[in-house]
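**Q** So that you have it, the file is model_25.cif, and it contains mmCIF, C-alpha atoms:
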```
data_target
loop_
_atom_site.group_PDB
_atom_site.id
_atom_site.type_symbol
_atom_site.label_atom_id
_atom_site.label_comp_id
_atom_site.auth_asym_id
_atom_site.auth_seq_id
_atom_site.Cartn_x
_atom_site.Cartn_y
_atom_site.Cartn_z
ATOM 1 C CA MET A 1 86.270 235.161 148.096
ATOM 2 C CA THR A 2 85.751 232.902 145.138
ATOM 3 C CA ARG A 3 87.103 229.503 144.626
ATOM 4 C CA ALA A 4 88.555 228.333 141.372
ATOM 5 C CA THR A 5 87.060 225.071 140.211
ATOM 6 C CA LYS A 6 88.701 222.641 137.918
ATOM 7 C CA SER A 7 86.683 221.554 134.987
ATOM 8 C CA LYS A 8 86.062 217.860 135.151
ATOM 9 C CA ALA A 9 86.756 215.926 132.024
ATOM 10 C CA ALA A 10 83.708 214.120 130.795
ATOM 11 C CA THR A 11 83.890 210.462 131.639
ATOM 12 C CA PRO A 12 83.552 208.287 128.587
ATOM 13 C CA PRO A 13 80.437 206.146 128.408
ATOM 14 C CA PRO A 14 80.906 202.509 129.327
ATOM 15 C CA PRO A 15 81.794 200.358 126.341
ATOM 16 C CA THR A 16 78.933 198.560 124.713
ATOM 17 C CA ILE A 17 79.210 194.830 124.450
ATOM 18 C CA ALA A 18 77.548 193.344 121.422
ATOM 19 C CA ALA A 19 74.843 190.780 122.041
ATOM 20 C CA ILE A 20 75.505 187.249 120.877
ATOM 21 C CA LEU A 21 72.886 185.438 118.867
ATOM 22 C CA PRO A 22 71.756 182.125 120.381
ATOM 23 C CA ALA A 23 72.449 180.427 117.036
ATOM 24 C CA ASP A 24 76.151 181.377 117.338
ATOM 25 C CA VAL A 25 76.673 180.039 120.858
ATOM 26 C CA LEU A 26 77.583 176.402 120.104
ATOM 27 C CA GLY A 27 80.091 177.366 117.420
ATOM 28 C CA ARG A 28 81.750 179.934 119.654
ATOM 29 C CA LEU A 29 81.933 177.535 122.584
ATOM 30 C CA ALA A 30 83.475 174.789 120.441
ATOM 31 C CA ALA A 31 86.034 177.244 119.033
ATOM 32 C CA LEU A 32 87.330 178.139 122.516
ATOM 33 C CA LYS A 33 89.265 174.850 122.774
ATOM 34 C CA THR A 34 91.259 175.497 119.605
ATOM 35 C CA THR A 35 91.681 179.258 119.939
ATOM 36 C CA GLY A 36 95.133 180.508 120.881
ATOM 37 C CA THR A 37 95.643 182.134 124.262
ATOM 38 C CA PRO A 38 96.316 185.624 122.827
ATOM 39 C CA ASP A 39 93.000 185.385 120.951
ATOM 40 C CA LEU A 40 91.223 184.211 124.108
ATOM 41 C CA LYS A 41 92.565 187.274 125.893
ATOM 42 C CA GLN A 42 91.308 189.474 123.065
ATOM 43 C CA GLN A 43 87.860 187.876 123.319
ATOM 44 C CA TRP A 44 87.983 188.587 127.062
ATOM 45 C CA ARG A 45 88.586 192.278 126.342
ATOM 46 C CA GLU A 46 85.670 192.318 123.912
ATOM 47 C CA LEU A 47 83.205 190.409 126.091
ATOM 48 C CA PHE A 48 84.080 191.844 129.515
ATOM 49 C CA ALA A 49 85.338 195.302 128.470
ATOM 50 C CA ALA A 50 88.311 194.789 130.786
ATOM 51 C CA GLU A 51 91.814 193.360 130.759
ATOM 52 C CA PRO A 52 91.975 189.581 131.222
ATOM 53 C CA PRO A 53 93.231 188.286 134.567
ATOM 54 C CA PRO A 54 96.636 186.583 134.703
ATOM 55 C CA TYR A 55 95.120 183.136 135.180
ATOM 56 C CA ASN A 56 95.615 179.962 133.201
ATOM 57 C CA ARG A 57 93.994 179.048 129.913
ATOM 58 C CA ARG A 58 91.406 176.730 131.487
ATOM 59 C CA PHE A 59 90.095 179.607 133.613
ATOM 60 C CA LEU A 60 89.845 181.892 130.576
ATOM 61 C CA GLU A 61 87.991 179.222 128.589
ATOM 62 C CA SER A 62 85.450 178.517 131.325
ATOM 63 C CA ARG A 63 84.726 182.176 132.075
ATOM 64 C CA LEU A 64 84.473 183.036 128.370
ATOM 65 C CA ALA A 65 82.099 180.098 127.834
ATOM 66 C CA TYR A 66 79.890 181.369 130.648
ATOM 67 C CA ARG A 67 80.013 184.947 129.356
ATOM 68 C CA ILE A 68 79.095 183.905 125.805
ATOM 69 C CA GLN A 69 76.038 182.056 127.111
ATOM 70 C CA GLU A 70 75.184 184.903 129.460
ATOM 71 C CA LEU A 71 75.177 187.426 126.621
ATOM 72 C CA ALA A 72 73.144 185.127 124.368
ATOM 73 C CA TYR A 73 70.558 183.848 126.831
ATOM 74 C CA GLY A 74 70.712 186.384 129.646
ATOM 75 C CA GLY A 75 72.350 186.227 133.059
ATOM 76 C CA LEU A 76 70.927 185.415 136.438
ATOM 77 C CA LYS A 77 67.795 187.281 137.454
ATOM 78 C CA ALA A 78 68.215 189.950 140.123
ATOM 79 C CA GLU A 79 66.033 187.914 142.491
ATOM 80 C CA THR A 80 68.303 184.888 142.026
ATOM 81 C CA ILE A 81 71.416 186.935 142.781
ATOM 82 C CA GLN A 82 69.781 188.355 145.908
ATOM 83 C CA ARG A 83 68.746 184.872 147.031
ATOM 84 C CA LEU A 84 72.272 183.501 146.514
ATOM 85 C CA GLU A 85 73.750 186.410 148.450
ATOM 86 C CA ALA A 86 71.270 185.841 151.292
ATOM 87 C CA LEU A 87 72.159 182.148 151.424
ATOM 88 C CA GLY A 88 75.843 183.060 151.497
ATOM 89 C CA GLU A 89 75.215 185.430 154.392
ATOM 90 C CA GLN A 90 73.486 182.622 156.292
ATOM 91 C CA LEU A 91 76.473 180.340 155.794
ATOM 92 C CA ASP A 92 79.259 182.735 156.753
ATOM 93 C CA GLY A 93 77.518 185.634 158.470
ATOM 94 C CA GLY A 94 78.952 188.075 155.929
ATOM 95 C CA ASN A 95 82.528 187.352 157.017
ATOM 96 C CA PRO A 96 84.735 187.340 153.885
ATOM 97 C CA VAL A 97 87.486 185.435 155.729
ATOM 98 C CA LEU A 98 85.164 182.473 156.226
ATOM 99 C CA ARG A 99 84.402 182.409 152.511
ATOM 100 C CA ARG A 100 88.003 181.528 151.770
ATOM 101 C CA ILE A 101 88.095 178.526 154.091
ATOM 102 C CA ARG A 102 87.569 175.260 152.268
ATOM 103 C CA GLY A 103 84.731 173.060 153.381
ATOM 104 C CA ASP A 104 85.176 169.463 154.407
ATOM 105 C CA ASP A 105 85.892 167.611 151.202
ATOM 106 C CA LYS A 106 85.874 164.162 152.810
ATOM 107 C CA PRO A 107 83.975 161.545 150.796
ATOM 108 C CA ILE A 108 80.349 160.907 151.719
ATOM 109 C CA THR A 109 79.757 158.646 154.727
ATOM 110 C CA GLY A 110 79.382 155.047 153.607
ATOM 111 C CA THR A 111 81.685 155.383 150.597
ATOM 112 C CA ARG A 112 84.051 152.441 150.107
ATOM 113 C CA LEU A 113 87.565 153.273 148.966
ATOM 114 C CA ILE A 114 89.344 150.378 147.297
ATOM 115 C CA ARG A 115 93.074 150.288 146.614
ATOM 116 C CA GLU A 116 95.198 147.460 145.340
ATOM 117 C CA TYR A 117 98.684 147.448 146.818
ATOM 118 C CA GLN A 118 101.266 144.735 146.075
ATOM 119 C CA GLY A 119 98.576 142.441 144.702
ATOM 120 C CA VAL A 120 96.283 142.754 147.717
ATOM 121 C CA GLU A 121 92.995 144.658 147.549
ATOM 122 C CA HIS A 122 92.391 146.936 150.540
ATOM 123 C CA SER A 123 88.930 148.318 151.315
ATOM 124 C CA VAL A 124 88.234 151.340 153.536
ATOM 125 C CA THR A 125 84.775 152.544 154.590
ATOM 126 C CA VAL A 126 84.208 156.253 155.199
ATOM 127 C CA LEU A 127 82.501 156.875 158.542
ATOM 128 C CA HIS A 128 80.909 160.035 159.881
ATOM 129 C CA ASP A 129 83.850 160.693 162.188
ATOM 130 C CA GLY A 130 86.710 158.907 160.416
ATOM 131 C CA TYR A 131 87.398 155.697 158.516
ATOM 132 C CA GLU A 132 87.223 151.967 159.087
ATOM 133 C CA TYR A 133 89.822 149.531 157.789
ATOM 134 C CA GLN A 134 89.826 145.804 158.660
ATOM 135 C CA GLY A 135 87.253 146.420 161.405
ATOM 136 C CA ARG A 136 89.349 149.075 163.160
ATOM 137 C CA PRO A 137 88.564 152.804 163.293
ATOM 138 C CA TYR A 138 91.109 155.313 161.947
ATOM 139 C CA GLN A 139 91.116 159.102 162.064
ATOM 140 C CA SER A 140 92.873 159.646 158.723
ATOM 141 C CA LEU A 141 93.530 157.987 155.402
ATOM 142 C CA SER A 142 97.232 158.622 155.941
ATOM 143 C CA SER A 143 97.268 156.374 159.000
ATOM 144 C CA ILE A 144 95.562 153.635 156.986
ATOM 145 C CA ALA A 145 98.036 154.033 154.138
ATOM 146 C CA ARG A 146 100.858 153.728 156.653
ATOM 147 C CA ALA A 147 99.300 150.558 158.126
ATOM 148 C CA ILE A 148 99.097 149.076 154.619
ATOM 149 C CA THR A 149 102.524 150.104 153.298
ATOM 150 C CA GLY A 150 104.642 150.531 156.399
ATOM 151 C CA THR A 151 105.753 153.976 155.164
ATOM 152 C CA ARG A 152 104.355 157.475 155.365
ATOM 153 C CA TRP A 153 101.929 158.382 152.591
ATOM 154 C CA ASN A 154 99.494 161.166 151.886
ATOM 155 C CA GLY A 155 96.285 159.191 152.349
ATOM 156 C CA TRP A 156 94.363 161.164 149.762
ATOM 157 C CA LEU A 157 97.090 160.503 147.220
ATOM 158 C CA PHE A 158 97.401 156.819 148.165
ATOM 159 C CA PHE A 159 93.670 156.189 147.655
ATOM 160 C CA GLY A 160 93.503 158.230 144.439
ATOM 161 C CA LEU A 161 91.345 161.043 145.819
ATOM 162 C CA LYS A 162 93.935 163.683 144.918
ATOM 163 C CA ASN A 163 96.476 163.747 142.125
ATOM 164 C CA ARG A 164 100.002 165.088 142.535
ATOM 165 C CA ARG A 165 98.924 168.585 141.439
ATOM 166 C CA GLY A 166 96.466 168.862 144.317
ATOM 167 C CA THR A 167 93.120 168.466 142.562
ATOM 168 C CA ALA A 168 90.615 165.705 142.941
#
```
Translate this structure into structure tokens?

**A**
Amino acid sequence: MTRATKSKAATPPPPTIAAILPADVLGRLAALKTTGTPDLKQQWRELFAAEPPPYNRRFLESRLAYRIQELAYGGLKAETIQRLEALGEQLDGGNPVLRRIRGDDKPITGTRLIREYQGVEHSVTVLHDGYEYQGRPYQSLSSIARAITGTRWNGWLFFGLKNRRGTA
């Protein structure tokens, strides 16, 4: 008994991405800021040989800037990539769920946060396990903001550590 086999279509070779001359890097990087988004997406297709992700313009600019430099000067060495992966494994044990959890983004211990509110300057010191305001310990910036204003506030927003869009 024989078995009919389907002929496999030849897979096309991966697209070749042209190298970028180091002399062209600065001009190309500067042009990213003034290039229209459709053109940025076209550059993405040319430099990554893939469709651009549906992210914002800032993301496209930063990734294209990195890719331009990578193609001109070379990427990370294989040993560096392996070392970074090993360090990542040490931090999260290879658990991809842990990689998505944000680290503690509290200011460094000893930092003084200063905020003027209704003409009075308020100073908060960041401690290892909380904050100190007027000689008293507090667990959160929000509780300090409430002590200062008498109303509920997002402490990070009140002290200027986060803008309304959620970034520092």

**Q** By how many Å are CA of Pro137 (chain A) and CA of Gln118 (chain A) apart?

**A**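 Here the two named atoms are 22.9 Å from each other.
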
**Q** Just need the box for region 67-85 of chain A, edges along x, y and z, holding every atom the file lists for it with 3 Å tacked onto each side, so centre and edge lengths in Å to one decimal, as AutoDock Vina command-line options.

**A**
```
--center_x 73.0 --center_y 186.0 --center_z 136.4 --size_x 20.0 --size_y 13.9 --size_z 30.1
```

**Q** Go through the shown structure with the PyMOL selection byres ((chain A and resi 131) around 12) and write out the matching residues as a VMD selection string.

**A** chain A and resid 106 to 113 123 to 130 132 to 145 155

**Q** Take the PyMOL selection byres ((chain A and resi 72-78) around 8), apply it to the structure above, and return the hits as number ranges by chain.

**A** A: 19-22, 25, 68-71, 79-82

**Q** Would you translate the PyMOL selection byres ((chain A and resi 40) around 12) into the concrete set of residues it matches in this file, as an NGL selection string?

**A** :A and (28-29 or 31-39 or 41-48 or 51-53 or 55-65)

**Q** To one decimal place in Å, what is the distance between CA of Pro54 (chain A) and CA of Lys162 (chain A)?

**A**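 CA of Lys162 (chain A) lies 25.2 Å from CA of Pro54 (chain A).
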
**Q** Work out how far CA of Gly27 (chain A) is from CA of Tyr66 (chain A), in Å to one decimal.

**A**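 Those two atoms sit 13.8 Å apart.
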
**Q** Which is closest to Ile114 (chain A) among A:Asp24, A:Gly150, A:Gln90, A:Phe158, if we use all atoms listed in the file?

**A**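 Nearest candidate to Ile114 (chain A) out of A:Asp24, A:Gly150, A:Gln90, A:Phe158: A:Phe158.
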
**Q** Taking only C-alpha atoms into account, name the residue in A:Thr149, A:Trp156, A:Tyr117, A:Gly93 that is nearest to Asp105 (chain A).

**A**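 Counting only C-alpha atoms, the residue closest to Asp105 (chain A) is A:Trp156.
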
**Q** Given the block above, output region 108-140 of chain A with N, CA and C atoms as an mmCIF file, in the first residue's frame.

**A**
```cif
data_model
loop_
_atom_site.group_PDB
_atom_site.id
_atom_site.type_symbol
_atom_site.label_atom_id
_atom_site.label_comp_id
_atom_site.auth_asym_id
_atom_site.auth_seq_id
_atom_site.Cartn_x
_atom_site.Cartn_y
_atom_site.Cartn_z
ATOM 1 N N ILE A 108 13.887 56.443 46.235
ATOM 2 C CA ILE A 108 15.001 55.912 47.018
ATOM 3 C C ILE A 108 14.919 56.424 48.457
ATOM 4 N N THR A 109 15.227 55.547 49.406
ATOM 5 C CA THR A 109 15.229 55.913 50.820
ATOM 6 C C THR A 109 16.111 57.134 51.034
ATOM 7 N N GLY A 110 15.587 58.087 51.792
ATOM 8 C CA GLY A 110 16.322 59.320 52.066
ATOM 9 C C GLY A 110 15.898 60.483 51.182
ATOM 10 N N THR A 111 15.158 60.203 50.116
ATOM 11 C CA THR A 111 14.701 61.261 49.222
ATOM 12 C C THR A 111 13.730 62.173 49.961
ATOM 13 N N ARG A 112 13.858 63.480 49.736
ATOM 14 C CA ARG A 112 12.919 64.440 50.321
ATOM 15 C C ARG A 112 11.964 64.908 49.234
ATOM 16 N N LEU A 113 10.692 64.765 49.487
ATOM 17 C CA LEU A 113 9.655 65.235 48.572
ATOM 18 C C LEU A 113 9.126 66.556 49.127
ATOM 19 N N ILE A 114 9.121 67.575 48.302
ATOM 20 C CA ILE A 114 8.688 68.891 48.753
ATOM 21 C C ILE A 114 7.509 69.336 47.900
ATOM 22 N N ARG A 115 6.455 69.791 48.585
ATOM 23 C CA ARG A 115 5.242 70.220 47.891
ATOM 24 C C ARG A 115 4.729 71.476 48.561
ATOM 25 N N GLU A 116 4.457 72.487 47.773
ATOM 26 C CA GLU A 116 3.847 73.686 48.316
ATOM 27 C C GLU A 116 2.347 73.564 48.136
ATOM 28 N N TYR A 117 1.620 73.779 49.214
ATOM 29 C CA TYR A 117 0.158 73.699 49.170
ATOM 30 C C TYR A 117 -0.405 74.865 49.972
ATOM 31 N N GLN A 118 -1.196 75.702 49.318
ATOM 32 C CA GLN A 118 -1.809 76.887 49.910
ATOM 33 C C GLN A 118 -0.774 77.769 50.610
ATOM 34 N N GLY A 119 0.362 77.946 49.921
ATOM 35 C CA GLY A 119 1.399 78.845 50.414
ATOM 36 C C GLY A 119 2.305 78.267 51.480
ATOM 37 N N VAL A 120 2.086 77.022 51.855
ATOM 38 C CA VAL A 120 2.921 76.385 52.880
ATOM 39 C C VAL A 120 3.719 75.260 52.224
ATOM 40 N N GLU A 121 5.030 75.233 52.513
ATOM 41 C CA GLU A 121 5.879 74.181 51.950
ATOM 42 C C GLU A 121 5.872 72.969 52.882
ATOM 43 N N HIS A 122 5.570 71.813 52.316
ATOM 44 C CA HIS A 122 5.507 70.564 53.080
ATOM 45 C C HIS A 122 6.635 69.650 52.604
ATOM 46 N N SER A 123 7.360 69.070 53.550
ATOM 47 C CA SER A 123 8.498 68.215 53.232
ATOM 48 C C SER A 123 8.264 66.813 53.794
ATOM 49 N N VAL A 124 8.457 65.814 52.944
ATOM 50 C CA VAL A 124 8.281 64.407 53.315
ATOM 51 C C VAL A 124 9.592 63.684 53.050
ATOM 52 N N THR A 125 10.023 62.856 53.977
ATOM 53 C CA THR A 125 11.234 62.047 53.796
ATOM 54 C C THR A 125 10.830 60.606 53.532
ATOM 55 N N VAL A 126 11.421 60.014 52.502
ATOM 56 C CA VAL A 126 11.148 58.614 52.167
ATOM 57 C C VAL A 126 11.984 57.731 53.081
ATOM 58 N N LEU A 127 11.319 56.821 53.779
ATOM 59 C CA LEU A 127 11.990 55.864 54.658
ATOM 60 C C LEU A 127 12.006 54.490 53.992
ATOM 61 N N HIS A 128 12.746 53.578 54.581
ATOM 62 C CA HIS A 128 12.811 52.223 54.039
ATOM 63 C C HIS A 128 11.442 51.552 54.034
ATOM 64 N N ASP A 129 10.670 51.799 55.086
ATOM 65 C CA ASP A 129 9.380 51.114 55.221
ATOM 66 C C ASP A 129 8.189 52.067 55.189
ATOM 67 N N GLY A 130 8.348 53.244 54.640
ATOM 68 C CA GLY A 130 7.240 54.196 54.562
ATOM 69 C C GLY A 130 7.750 55.609 54.345
ATOM 70 N N TYR A 131 7.101 56.560 55.027
ATOM 71 C CA TYR A 131 7.420 57.974 54.848
ATOM 72 C C TYR A 131 7.362 58.665 56.206
ATOM 73 N N GLU A 132 8.031 59.797 56.295
ATOM 74 C CA GLU A 132 7.972 60.596 57.511
ATOM 75 C C GLU A 132 7.560 62.008 57.142
ATOM 76 N N TYR A 133 6.552 62.512 57.852
ATOM 77 C CA TYR A 133 6.070 63.874 57.641
ATOM 78 C C TYR A 133 5.845 64.502 59.011
ATOM 79 N N GLN A 134 6.464 65.648 59.259
ATOM 80 C CA GLN A 134 6.382 66.370 60.525
ATOM 81 C C GLN A 134 6.705 65.456 61.721
ATOM 82 N N GLY A 135 7.733 64.612 61.546
ATOM 83 C CA GLY A 135 8.193 63.751 62.624
ATOM 84 C C GLY A 135 7.350 62.508 62.864
ATOM 85 N N ARG A 136 6.291 62.322 62.087
ATOM 86 C CA ARG A 136 5.427 61.154 62.274
ATOM 87 C C ARG A 136 5.585 60.194 61.096
ATOM 88 N N PRO A 137 5.558 58.886 61.367
ATOM 89 C CA PRO A 137 5.651 57.917 60.272
ATOM 90 C C PRO A 137 4.293 57.731 59.582
ATOM 91 N N TYR A 138 4.339 57.532 58.274
ATOM 92 C CA TYR A 138 3.142 57.257 57.469
ATOM 93 C C TYR A 138 3.448 56.080 56.551
ATOM 94 N N GLN A 139 2.420 55.309 56.231
ATOM 95 C CA GLN A 139 2.596 54.167 55.342
ATOM 96 C C GLN A 139 2.461 54.539 53.871
ATOM 97 N N SER A 140 1.769 55.645 53.564
ATOM 98 C CA SER A 140 1.547 55.996 52.164
ATOM 99 C C SER A 140 1.594 57.504 51.967
#
```
